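J.: Next up is a structure, given as structure tokens.
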Amino acid sequence: MIVLGGRGETPWAYARLGRRLSADAYRVRAVGDVTAPRTRTVELAKNLLREGGVAPVVLLGADAGSLLALRLAAAAPQLVSGVITIGFPSDRARVPDGVPQLPLRTTSPEHWATLADPSVLDPNALSRSIPLNLSPPAPEDIRVPVLAVHGATDPVAPLTDALAYYARIPEARVFVVDGGRHDSVNDAAHRSVAAAVVLFLEELRNGAPTLSAVSLTEGPGFPGPPPAGCR
């Protein structure tokens, strides 16, 4: 998996997810903010994709990183097995200057403490516009499976805009996080999101559906409706 960071994020913002996936023998490489000026993050991401040698290769992009992930998948589907997007931003996804941004990213106090570290995040980065060269590709041009994760109450990137885009992707599955904010990987329901990510990766690796083999509503131990955050 190649993780493509969003506005203001460094690779350390995804350390917890990386540890979880590494424990299941997945190799995870992360790059920082793909919009950062005077950096080579986009070039680094492309180089990692070209390295090859491991399959399947999945791109996980958050915020603006999701735009780059989709662009790379549309341009080189032979190199990408699947894409996971977190908080896909529309052209309206910009926070006015002066608005506190940590509460917009997550409701998790534990993750607030992580994001408060300047080596992990630029706390005002969501006020920056997304560069035009990262505009999303035509949905019809994305020919690989996509798992789209989006917070139902994302105050940065409206869910309705994301759903309108995903509806036109041939192989897209949308995981809406109840009460979720912009950074679903590190929000209160991060365990449910990580589980959805792992199941998607297993499907790509095994070449067969996995979600249909797991029931959250039947059998002993799972009475009643699915847990919060799963729908």
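By order of appearance in the structure tokens: chains A, B, ..., then residues from 1 within every chain, and ligands from 1 in the order shown.
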Env of Val146 (chain A): 8 Å cut, atoms = only C-alpha atoms, seq-sep filter 4 positions within chain, self excluded. Answer as an MDAnalysis selection string.
T.: chainID A and resid 82:85 171:173
J.: Report the closest atom pair, with its distance in Å rounded to one decimal, for each residue of region 126-174 of chain A that has an atom no farther than 10 Å from region 26-49 of chain A; count only C-alpha atoms, sort by chain and then rising residue number, and write it as a Markdown table.
T.:
```
| residue | atom | partner | partner_atom | distance |
| --- | --- | --- | --- | --- |
| A:Arg128 | CA | A:Thr35 | CA | 9.1 |
| A:Ser129 | CA | A:Thr35 | CA | 9.0 |
| A:Ile130 | CA | A:Thr35 | CA | 6.8 |
| A:Pro131 | CA | A:Thr35 | CA | 6.8 |
| A:Asn133 | CA | A:Thr35 | CA | 9.6 |
| A:Leu134 | CA | A:Thr35 | CA | 8.3 |
```
J.: Of the candidates A:Pro137, A:Gly207, A:Gly151, A:Pro109, which one gets nearest to Leu68 (chain A) if we count only C-alpha atoms?
T.: A:Pro137
J.: Under the rule that only C-alpha atoms are counted, which of A:Ser90, A:Ser81, A:Asn124, A:Ser135 is the nearest residue to Leu102 (chain A)?
T.: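 The closest residue to Leu102 (chain A) is A:Asn124.
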J.: Find, counting only C-alpha atoms, the residue in A:Ala73, A:Val144, A:Ala125, A:Leu17 that gets nearest to Ala194 (chain A).
T.: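 Smallest distance to Ala194 (chain A) is found for A:Leu17.
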J.: Check the smallest atom-to-atom distance from each of A:Ala152, A:Leu104, A:Ile142, A:Leu147 to Glu203 (chain A) using only C-alpha atoms, then report the winner.
T.: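 Closest candidate: A:Leu147.
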J.: Restricting the calculation to only C-alpha atoms, which member of A:Ile2, A:Ala138, A:Val185, A:Val95 is positioned closest to Pro123 (chain A)?
T.: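 Smallest separation from Pro123 (chain A) among the options: A:Val95.
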J.: Please identify all polymer residues within 10 Å of Glu110 (chain A), counting only C-alpha atoms, omitting same-chain residues fewer than 6 positions from it, and present them as a list of chain:residue names.
T.: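 After dropping sequence-adjacent residues, the list is A:Asn186, A:Asp187, A:Ala188.
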J.: Residues of chain A in strand (DSSP E) according to DSSP, as a list in words?
T.: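 The strand (DSSP E) subset of chain A is Ile2, Val3, Leu4, Arg29, Ala30, Val31, Val58, Leu59, Leu60, Gly61, Ala62, Gly82, Val83, Ile84, Thr85, Ile86, Val146, Leu147, Ala148, Val149, His150, Gly151, Ala172, Arg173, Val174, Phe175, Val176 and Val177 of chain A.
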J.: Point out the residue among A:Ser22, A:Ser184, A:Ser66, A:Ser119 with the least atom-to-atom distance to Leu4 (chain A), counting only C-alpha atoms.
T.: A:Ser66
J.: For the atom pair CA of Ala157 (chain A) and CA of Arg181 (chain A), what is the interatomic distance in Å to one decimal place?
T.: 9.0 Å
J.: So which residues touch Ala189 (chain A) within 12 Å, counting only C-alpha atoms, skipping near sequence neighbours fewer than 5 positions away, as a ChimeraX atom specification?
T.: /A:106-108,111,149-152,175-184,194-196,227-230
J.: Just list the residues in region 19-199 of chain A DSSP gives alpha helix (DSSP H) on the backbone, as a ChimeraX atom specification.
T.: /A:19-23,41-51,64-75,102-105,109-115,159-166,190-199
J.: Mind dumping a table of every region 109-130 of chain A residue within 6 Å of region 6-15 of chain A, with the nearest atom pair and its distance in Å to one decimal, using only C-alpha atoms, sorted by chain and rising number, as CSV?
T.:
```
residue,atom,partner,partner_atom,distance
A:Val120,CA,A:Thr10,CA,5.3
A:Leu121,CA,A:Glu9,CA,4.8
A:Asp122,CA,A:Gly8,CA,4.5
A:Ala125,CA,A:Gly8,CA,4.8
```
J.: Quick one: pull the distance between CA of Arg168 (chain A) and CA of Leu79 (chain A), Å, one decimal.
T.: 21.9 Å
